[in-house]
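A.B. asks: I'd like to ask you about the structure that follows.
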Amino acid sequence: MSVGKSSTPLGKVRGLGSARHGGEHWLTERVTSIALLLLGTWLIASLLLLPKLDQRTMVEWLRAPSGAVPMALLIIVGFRHALDGMKVVIDDYVHEEGSRFAWNTLMLFLAVGGAALAFYSLARIAFGAVA
Amino acid sequence: MAASIFHRASGVALSIGGLGVLTWWLYAIATGADAYATFTKAAMHPIGLIVLVGISWSFFQHLLTGIRHLVMDTGAAFELGINKTSAVLTFVGSVVLTAAIWFYLLGVAK
């Protein structure tokens with residue numbers, strides 16, 4: 001990580017702070033947003049192009065690597081971006097230290113739990129455990 | 001101003017509603033035809049449709065204001081004219097895109 005040598009505002013803060021995290025949260029949010037631009041468009045285009053929207057069609061779609069891999073990425077990146085975004089909102093509107101910690105912890109648990117459930121479901125479908 | 005607060009509101013809606021529905025939908029597919037039928041029944045209920053239309057509108061709104069923010073992160077588009085025009089365009093774009101996919105989806109479903 002660069003430490004204060006760049007001339008741009010982001011470059012100046014990258015790698016700073018006691019944990020050398022600098023602007024990584026800010027940057028991660030933007031990098032995941034670009035990934036979701038692609039993955040979100042992929043999801044909507046896929047749903048529009050599928051011949052039917054019944055369970056059998058969904059299983060066939062998500063069993064193929066062309067469906068399973070982008071969906072796996074969408075789950076991971078989507079929950080990560082949501083967690084990063086909710087943290088910004090919580091940090092902005094919840095002013096009391098204890099409540100802020102509680103809300104951020106709740107969001108972390110929800111994001112990790114939700115991602116695990118979604119990933120487990122996708123794994124079942126992709127690895128052929130669904131009739 | 002409005003574009004900024006809608007970016008946050010749509011982001012919260014997508015985090016809770018969007019990912020919630022995505023997870024439920026994947027779980028229903030993985031569980032079987034009966035669970036999927038329950039999901040479809042809820043999704044096709046008038047309230048379910050309103051929620052889904054809201055999620056898709058949130059997606060497009062968040063996507064377009066997100067692109068606008070990425071451009072502004074580079075230091076561009078802060079002039080009053082282009083700033084306001086681009087904010088208005090995010091709303092026009094999100095409504096048009098949402099209407100387009102639902103006309104298509106409901107047309108195919110028939």
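Starting from 1 in every chain, residues are counted up; chains themselves are A, B, ... following the order of the structure tokens, and ligands are numbered from 1 as listed.
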Taking only C-alpha atoms into account, which residues of chain B are within 7 Å of chain A, as a list in words?

C.D. replies: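 Taking only C-alpha atoms into account, Val12, Ser15, Thr23, Leu26, Tyr27, Ile29, Ala30, Gly32, Ala33, Tyr36, Leu63 and Leu105 of chain B sit within 7 Å of chain A.
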
A.B. asks: Given only C-alpha atoms as the basis, pick out the residue of B:Ile47, B:Gly20, B:Thr31, B:Ser56 nearest to Ile101 in chain B.

C.D. replies: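 Of B:Ile47, B:Gly20, B:Thr31, B:Ser56, the one nearest Ile101 in chain B, counting only C-alpha atoms, is B:Ser56.
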
A.B. asks: Using CA of Arg63 in chain A and CA of Val21 in chain B as the two end points, give the distance in Å to one decimal.

C.D. replies: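 We find that CA of Arg63 in chain A and CA of Val21 in chain B lie 20.0 Å from each other.
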
A.B. asks: One number please: CA of Leu73 in chain A to CA of Ala42 in chain B, in Å, one decimal.

C.D. replies: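 So the answer is 26.6 Å.
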
A.B. asks: Write out as a PyMOL selection string which residues come within 7 Å of range 80-90 of chain B when counting only C-alpha atoms, dropping same-chain ones fewer than 2 positions away.

C.D. replies: chain B and resi 3+61+64-65+77-78+92-94

A.B. asks: Hey, can you check how far CA of Ala72 in chain A sits from CA of Gly17 in chain B?

C.D. replies: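 Going from CA of Ala72 in chain A over to CA of Gly17 in chain B, I get 18.8 Å.
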